[in-house]
Structure formats: structure tokens, C-alpha cells
>>> print(open('run-v5.cif').read())   # mmCIF, C-alpha atoms; chains and numbers go by the auth columns
data_structure
loop_
_atom_site.group_PDB
_atom_site.id
_atom_site.type_symbol
_atom_site.label_atom_id
_atom_site.label_comp_id
_atom_site.label_asym_id
_atom_site.label_seq_id
_atom_site.Cartn_x
_atom_site.Cartn_y
_atom_site.Cartn_z
_atom_site.B_iso_or_equiv
_atom_site.auth_seq_id
_atom_site.auth_asym_id
ATOM 1 C CA MET A 1 6.321 -17.038 39.629 0.00 1 A
ATOM 2 C CA SER A 2 5.901 -15.332 36.245 0.00 2 A
ATOM 3 C CA ASN A 3 3.322 -12.870 35.047 0.00 3 A
ATOM 4 C CA ARG A 4 1.527 -13.473 31.802 0.00 4 A
ATOM 5 C CA SER A 5 -0.171 -10.572 30.113 0.00 5 A
ATOM 6 C CA LYS A 6 -3.809 -11.137 29.273 0.00 6 A
ATOM 7 C CA LYS A 7 -3.901 -8.193 26.841 0.00 7 A
ATOM 8 C CA PHE A 8 -3.715 -8.588 23.066 0.00 8 A
ATOM 9 C CA VAL A 9 -3.651 -6.094 20.226 0.00 9 A
ATOM 10 C CA PHE A 10 -4.052 -7.078 16.582 0.00 10 A
ATOM 11 C CA VAL A 11 -1.958 -5.056 14.138 0.00 11 A
ATOM 12 C CA PRO A 12 -1.663 -4.863 10.356 0.00 12 A
ATOM 13 C CA PHE A 13 1.166 -6.981 9.053 0.00 13 A
ATOM 14 C CA CYS A 14 2.970 -3.918 7.678 0.00 14 A
ATOM 15 C CA LEU A 15 3.103 -2.235 11.082 0.00 15 A
ATOM 16 C CA LEU A 16 5.934 -4.574 12.048 0.00 16 A
ATOM 17 C CA ALA A 17 7.148 -5.426 8.539 0.00 17 A
ATOM 18 C CA GLN A 18 7.069 -2.314 6.358 0.00 18 A
ATOM 19 C CA ALA A 19 8.446 -4.281 3.415 0.00 19 A
ATOM 20 C CA TYR A 20 4.883 -5.558 3.047 0.00 20 A
ATOM 21 C CA GLN A 21 3.689 -2.132 1.959 0.00 21 A
ATOM 22 C CA ALA A 22 3.357 -1.446 -1.752 0.00 22 A
ATOM 23 C CA LYS A 23 6.407 0.032 -3.478 0.00 23 A
ATOM 24 C CA GLY A 24 6.950 3.695 -2.650 0.00 24 A
ATOM 25 C CA ILE A 25 4.487 3.756 0.263 0.00 25 A
ATOM 26 C CA VAL A 26 7.000 3.865 3.112 0.00 26 A
ATOM 27 C CA LYS A 27 7.310 7.638 3.353 0.00 27 A
ATOM 28 C CA TYR A 28 7.624 8.145 7.086 0.00 28 A
ATOM 29 C CA GLU A 29 10.503 7.144 9.279 0.00 29 A
ATOM 30 C CA TRP A 30 9.869 3.932 11.205 0.00 30 A
ATOM 31 C CA LYS A 31 11.399 5.436 14.331 0.00 31 A
ATOM 32 C CA SER A 32 9.016 8.377 14.423 0.00 32 A
ATOM 33 C CA SER A 33 5.797 6.881 13.099 0.00 33 A
ATOM 34 C CA ILE A 34 5.667 3.194 14.029 0.00 34 A
ATOM 35 C CA LYS A 35 8.199 2.658 16.791 0.00 35 A
ATOM 36 C CA PRO A 36 6.136 4.568 19.417 0.00 36 A
ATOM 37 C CA PHE A 37 3.254 2.099 18.983 0.00 37 A
ATOM 38 C CA VAL A 38 5.493 -0.937 19.198 0.00 38 A
ATOM 39 C CA GLU A 39 7.314 0.439 22.239 0.00 39 A
ATOM 40 C CA LEU A 40 4.026 1.293 23.962 0.00 40 A
ATOM 41 C CA LEU A 41 2.751 -2.240 23.463 0.00 41 A
ATOM 42 C CA ILE A 42 5.992 -3.885 24.576 0.00 42 A
ATOM 43 C CA ASP A 43 6.450 -1.559 27.556 0.00 43 A
ATOM 44 C CA ASN A 44 2.941 -2.471 28.740 0.00 44 A
ATOM 45 C CA ASP A 45 3.333 -6.225 28.171 0.00 45 A
ATOM 46 C CA VAL A 46 0.680 -6.307 25.477 0.00 46 A
ATOM 47 C CA ASN A 47 0.772 -9.340 23.193 0.00 47 A
ATOM 48 C CA ILE A 48 1.052 -8.290 19.540 0.00 48 A
ATOM 49 C CA ILE A 49 -0.655 -10.362 16.854 0.00 49 A
ATOM 50 C CA GLN A 50 0.005 -9.569 13.186 0.00 50 A
ATOM 51 C CA MET A 51 -3.003 -9.853 10.924 0.00 51 A
ATOM 52 C CA PRO A 52 -2.403 -11.147 7.392 0.00 52 A
ATOM 53 C CA CYS A 53 -1.756 -8.620 4.632 0.00 53 A
ATOM 54 C CA ALA A 54 -4.825 -8.856 2.406 0.00 54 A
ATOM 55 C CA GLU A 55 -3.130 -7.127 -0.509 0.00 55 A
ATOM 56 C CA SER A 56 0.078 -9.183 -0.643 0.00 56 A
ATOM 57 C CA THR A 57 -1.720 -12.488 -0.051 0.00 57 A
ATOM 58 C CA PHE A 58 -4.212 -11.639 -2.804 0.00 58 A
ATOM 59 C CA SER A 59 -1.453 -10.880 -5.310 0.00 59 A
ATOM 60 C CA ASN A 60 0.791 -13.672 -3.963 0.00 60 A
ATOM 61 C CA SER A 61 3.658 -11.208 -4.025 0.00 61 A
ATOM 62 C CA LEU A 62 5.419 -8.989 -1.577 0.00 62 A
ATOM 63 C CA VAL A 63 6.398 -6.673 -4.434 0.00 63 A
ATOM 64 C CA ARG A 64 3.460 -4.779 -5.863 0.00 64 A
ATOM 65 C CA GLU A 65 2.629 -1.353 -7.186 0.00 65 A
ATOM 66 C CA PRO A 66 0.426 0.871 -5.039 0.00 66 A
ATOM 67 C CA LYS A 67 -3.237 0.616 -5.941 0.00 67 A
ATOM 68 C CA GLY A 68 -6.170 2.630 -4.783 0.00 68 A
ATOM 69 C CA LEU A 69 -9.476 1.506 -3.389 0.00 69 A
ATOM 70 C CA LYS A 70 -11.046 1.310 -6.848 0.00 70 A
ATOM 71 C CA SER A 71 -8.496 -1.308 -7.978 0.00 71 A
ATOM 72 C CA TYR A 72 -9.144 -3.539 -4.966 0.00 72 A
ATOM 73 C CA ASP A 73 -12.894 -3.091 -4.732 0.00 73 A
ATOM 74 C CA THR A 74 -13.725 -6.206 -6.753 0.00 74 A
ATOM 75 C CA PRO A 75 -15.817 -9.264 -5.849 0.00 75 A
ATOM 76 C CA GLU A 76 -12.655 -11.415 -5.847 0.00 76 A
ATOM 77 C CA PHE A 77 -10.745 -9.161 -3.457 0.00 77 A
ATOM 78 C CA ARG A 78 -13.775 -8.649 -1.219 0.00 78 A
ATOM 79 C CA ASN A 79 -14.160 -12.433 -0.945 0.00 79 A
ATOM 80 C CA HIS A 80 -10.448 -12.762 -0.145 0.00 80 A
ATOM 81 C CA ALA A 81 -10.726 -10.053 2.536 0.00 81 A
ATOM 82 C CA LYS A 82 -13.796 -11.762 3.985 0.00 82 A
ATOM 83 C CA LEU A 83 -12.007 -15.118 4.282 0.00 83 A
ATOM 84 C CA LEU A 84 -9.021 -13.484 5.992 0.00 84 A
ATOM 85 C CA ALA A 85 -11.334 -11.569 8.330 0.00 85 A
ATOM 86 C CA GLN A 86 -13.084 -14.817 9.277 0.00 86 A
ATOM 87 C CA GLU A 87 -9.720 -16.390 10.167 0.00 87 A
ATOM 88 C CA VAL A 88 -8.702 -13.388 12.287 0.00 88 A
ATOM 89 C CA SER A 89 -12.142 -13.413 13.900 0.00 89 A
ATOM 90 C CA LYS A 90 -11.682 -17.077 14.883 0.00 90 A
ATOM 91 C CA GLN A 91 -8.344 -16.213 16.438 0.00 91 A
ATOM 92 C CA ILE A 92 -9.888 -13.306 18.373 0.00 92 A
ATOM 93 C CA LYS A 93 -12.746 -15.465 19.636 0.00 93 A
ATOM 94 C CA ASN A 94 -10.282 -18.177 20.697 0.00 94 A
ATOM 95 C CA ILE A 95 -8.235 -15.644 22.661 0.00 95 A
ATOM 96 C CA ILE A 96 -11.344 -14.330 24.399 0.00 96 A
ATOM 97 C CA SER A 97 -12.736 -17.796 25.145 0.00 97 A
ATOM 98 C CA SER A 98 -9.361 -18.643 26.720 0.00 98 A
ATOM 99 C CA GLY A 99 -9.856 -15.883 29.283 0.00 99 A
ATOM 100 C CA TYR A 100 -7.711 -13.240 27.613 0.00 100 A
ATOM 101 C CA GLU A 101 -8.703 -9.858 26.231 0.00 101 A
ATOM 102 C CA VAL A 102 -8.289 -8.233 22.849 0.00 102 A
ATOM 103 C CA ILE A 103 -8.059 -4.582 23.820 0.00 103 A
ATOM 104 C CA ALA A 104 -7.704 -3.072 20.318 0.00 104 A
ATOM 105 C CA ILE A 105 -7.350 -3.675 16.610 0.00 105 A
ATOM 106 C CA LEU A 106 -5.032 -1.286 14.802 0.00 106 A
ATOM 107 C CA GLY A 107 -5.256 -0.231 11.189 0.00 107 A
ATOM 108 C CA ILE A 108 -3.232 2.020 8.889 0.00 108 A
ATOM 109 C CA GLU A 109 -5.092 5.055 7.564 0.00 109 A
ATOM 110 C CA GLN A 110 -5.184 5.577 3.799 0.00 110 A
ATOM 111 C CA SER A 111 -4.748 1.847 3.138 0.00 111 A
ATOM 112 C CA PRO A 112 -7.421 0.473 0.790 0.00 112 A
ATOM 113 C CA SER A 113 -7.473 -2.656 2.944 0.00 113 A
ATOM 114 C CA CYS A 114 -6.582 -1.629 6.486 0.00 114 A
ATOM 115 C CA CYS A 115 -7.770 1.935 7.035 0.00 115 A
ATOM 116 C CA VAL A 116 -10.129 2.405 9.969 0.00 116 A
ATOM 117 C CA ASN A 117 -11.446 5.940 9.543 0.00 117 A
ATOM 118 C CA TYR A 118 -10.486 7.472 6.237 0.00 118 A
ATOM 119 C CA ILE A 119 -9.006 6.850 2.834 0.00 119 A
ATOM 120 C CA TYR A 120 -8.175 9.017 -0.124 0.00 120 A
ATOM 121 C CA THR A 121 -10.174 8.061 -3.226 0.00 121 A
ATOM 122 C CA ASN A 122 -10.638 9.551 -6.686 0.00 122 A
ATOM 123 C CA ASN A 123 -13.532 11.478 -5.113 0.00 123 A
ATOM 124 C CA GLY A 124 -11.360 12.908 -2.319 0.00 124 A
ATOM 125 C CA THR A 125 -11.046 11.732 1.268 0.00 125 A
ATOM 126 C CA GLU A 126 -13.831 9.424 2.415 0.00 126 A
ATOM 127 C CA ASN A 127 -14.704 8.497 5.973 0.00 127 A
ATOM 128 C CA ARG A 128 -14.833 4.701 5.770 0.00 128 A
ATOM 129 C CA LYS A 129 -13.055 1.498 6.618 0.00 129 A
ATOM 130 C CA GLY A 130 -10.776 -0.331 4.212 0.00 130 A
ATOM 131 C CA LEU A 131 -12.049 -3.500 2.576 0.00 131 A
ATOM 132 C CA PHE A 132 -10.367 -5.925 5.007 0.00 132 A
ATOM 133 C CA MET A 133 -11.131 -3.793 8.071 0.00 133 A
ATOM 134 C CA GLN A 134 -14.792 -3.543 7.075 0.00 134 A
ATOM 135 C CA GLU A 135 -15.055 -7.319 6.843 0.00 135 A
ATOM 136 C CA LEU A 136 -13.253 -7.763 10.168 0.00 136 A
ATOM 137 C CA PHE A 137 -15.429 -5.128 11.820 0.00 137 A
ATOM 138 C CA GLU A 138 -18.552 -6.970 10.666 0.00 138 A
ATOM 139 C CA GLU A 139 -17.173 -10.229 12.102 0.00 139 A
ATOM 140 C CA VAL A 140 -16.309 -8.866 15.568 0.00 140 A
ATOM 141 C CA ASP A 141 -18.460 -5.744 16.011 0.00 141 A
ATOM 142 C CA TYR A 142 -20.555 -7.384 18.745 0.00 142 A
ATOM 143 C CA LEU A 143 -17.375 -7.884 20.826 0.00 143 A
ATOM 144 C CA ASN A 144 -16.945 -4.091 21.224 0.00 144 A
ATOM 145 C CA ILE A 145 -13.225 -4.122 20.466 0.00 145 A
ATOM 146 C CA PRO A 146 -11.963 -0.621 19.634 0.00 146 A
ATOM 147 C CA PHE A 147 -10.530 -0.127 16.142 0.00 147 A
ATOM 148 C CA ILE A 148 -7.780 2.516 15.999 0.00 148 A
ATOM 149 C CA GLY A 149 -6.496 3.944 12.735 0.00 149 A
ATOM 150 C CA ILE A 150 -2.852 5.006 12.683 0.00 150 A
ATOM 151 C CA ASN A 151 -2.097 8.066 10.623 0.00 151 A
ATOM 152 C CA ARG A 152 1.669 7.695 10.194 0.00 152 A
ATOM 153 C CA LYS A 153 2.113 11.385 9.509 0.00 153 A
ATOM 154 C CA TYR A 154 0.211 12.537 12.623 0.00 154 A
ATOM 155 C CA ILE A 155 0.427 9.755 15.175 0.00 155 A
ATOM 156 C CA ASN A 156 -0.369 11.467 18.473 0.00 156 A
ATOM 157 C CA LYS A 157 -4.158 11.121 18.361 0.00 157 A
ATOM 158 C CA SER A 158 -4.109 7.371 17.734 0.00 158 A
ATOM 159 C CA LEU A 159 -1.152 6.829 20.071 0.00 159 A
ATOM 160 C CA ASN A 160 -2.984 8.627 22.890 0.00 160 A
ATOM 161 C CA LYS A 161 -6.139 6.602 22.226 0.00 161 A
ATOM 162 C CA LEU A 162 -4.149 3.367 22.488 0.00 162 A
ATOM 163 C CA LYS A 163 -2.503 4.604 25.716 0.00 163 A
ATOM 164 C CA GLU A 164 -5.950 5.288 27.224 0.00 164 A
ATOM 165 C CA ILE A 165 -7.153 1.807 26.317 0.00 165 A
ATOM 166 C CA ILE A 166 -4.058 0.173 27.801 0.00 166 A
ATOM 167 C CA GLU A 167 -4.344 2.156 31.039 0.00 167 A
ATOM 168 C CA LYS A 168 -8.030 1.282 31.325 0.00 168 A
ATOM 169 C CA ASN A 169 -7.243 -2.409 30.872 0.00 169 A
ATOM 170 C CA ASP A 170 -4.093 -2.505 32.982 0.00 170 A
ATOM 171 C CA TYR A 171 -3.748 -5.888 34.650 0.00 171 A
ATOM 172 C CA VAL A 172 -1.771 -9.110 34.414 0.00 172 A
ATOM 173 C CA GLU A 173 -2.528 -12.597 35.586 0.00 173 A
ATOM 174 C CA GLU A 174 -0.099 -14.296 37.892 0.00 174 A
ATOM 175 C CA LEU A 175 0.588 -17.889 36.947 0.00 175 A
#
>>> encode(input="run-v5.cif", output="C-alpha cells")
Amino acid sequence: MSNRSKKFVFVPFCLLAQAYQAKGIVKYEWKSSIKPFVELLIDNDVNIIQMPCAESTFSNSLVREPKGLKSYDTPEFRNHAKLLAQEVSKQIKNIISSGYEVIAILGIEQSPSCCVNYIYTNNGTENRKGLFMQELFEEVDYLNIPFIGINRKYINKSLNKLKEIIEKNDYVEEL
């Protein structure tokens, strides 16, 4: 008899595929900043779902220059982010209606699209969600799924928060 994990975590596309980040953004070693999250999820049999990259799908290119929030905060990009968030929301609702659980949604801090808590702007650091994360939050807020922002330079706080969530939701279904 096999065990099937009922736990899911949604992650930004660039968490598993750093080539999706804008040119020059990958500043931190994968092994020290991202690998601990991936290992934690795998070691705890958590299903990992990649969310679409709002920035690369908007520009239809994997290769793009880094842009700040001001460059993306347009009606066209907001509409694009909203459509992607609606698709991810449908996927989340389908998972839940199938008897599974989405235990967290991860974001990448400082990203104009995927930050959860803070982003650097021309006015300094602001406490806010990125454009895609804000749309997704509005779609699924009533489901009470925790959003966790990963600061790649200082990962321990977000890593510990994810560990707590996994331990709280620690179960598998026998099939």
C-alpha cells in the first residue's frame, strides 16, 4: 500500500527555475538560499506546484532586464496578473475540493510580482504584496492559506515559518 501526501505548496516559478528571474537578479547561491526550502518540502512529502511567472509570460520572453514595481504597475500588467491569479485560484480550489490541502503559498521578497511582505521602490522599502501576489491573495483570501515571503538573503525566518506549518499539518492518506 502506498502513501499519498495530501499537502500542497504553491511556489513562484523562479524558485525551482532561477533562469526565469530577470538578468542579473540571481545573486544568492541556490544551495544556500533556495535548496533548504525544496529539501524541506521533499523531505516532508509536500507536493510542489509552480505558479506561472507573471513577468516572463507578460513579456513572452525568458530573457528580460530587471524592472521595478513602477514599470510593471500598468493596467495591462495588472490585468495579466489577475488572469494568472484566477487560473492559480482555480487550481487551488480544485485541489481543496478533491480532499487535499494547500498549506502555503510562497513568494519571493523584493519581486514586483511575487513579493509577499515587502519590496524596494523608488520611495524606499514598502510593506506590500507584489502585483501577482496581491491578485492571488484577493482570489483565495477566504481560504486562509498562509502566504510566506522568502528573503533569499535571510532565509531562516521564512524557512522556520514553513517548517511550523508543515509540522502542524503533518499527515498522509493511505491509499
>>> resolve_selection(input="run-v5.cif", expression="the PyMOL selection byres ((chain A and resi 44) around 12)", output="ChimeraX atom specification")
/A:4-9,37-43,45-48,162-172
>>> atom_distance(input="run-v5.cif", atom1="CA of Ile108 in chain A", atom2="CA of Cys14 in chain A")
8.7 Å
>>> atom_distance(input="run-v5.cif", atom1="CA of Tyr72 in chain A", atom2="CA of Glu55 in chain A")
8.3 Å
>>> residues_around(input="run-v5.cif", residues="range 134-145 of chain A", least_positions_apart="4", cutoff="9 Å", atoms="only C-alpha atoms", output="MDAnalysis selection string")
chainID A and resid 78 81:86 88:89 92:93 102:105 113:116 128:130
>>> atom_distance(input="run-v5.cif", atom1="CA of Glu109 in chain A", atom2="CA of Asn79 in chain A")
21.5 Å
>>> closest_residue(input="run-v5.cif", among="A:Asn94, A:Ala54, A:Gly149, A:Lys161", to="Asn127 in chain A", atoms="all atoms listed in the file")
A:Gly149
>>> resolve_selection(input="run-v5.cif", expression="the PyMOL selection byres ((chain A and resi 52) around 8)", output="list in words")
Pro12, Phe13, Gln50, Met51, Cys53, Ala54, Thr57 and Leu84 of chain A
>>> residues_around(input="run-v5.cif", residues="Gly68 in chain A", least_positions_apart="6", cutoff="9 Å", atoms="only C-alpha atoms", output="VMD selection string")
chain A and resid 111 to 112 120 to 122
>>> closest_residue(input="run-v5.cif", among="A:Tyr118, A:Phe58, A:Phe10, A:Tyr154", to="Phe77 in chain A", atoms="all atoms listed in the file")
A:Phe58
>>> closest_residue(input="run-v5.cif", among="A:Asn160, A:Ser97, A:Gln110, A:Ile155", to="Lys67 in chain A", atoms="only C-alpha atoms")
A:Gln110
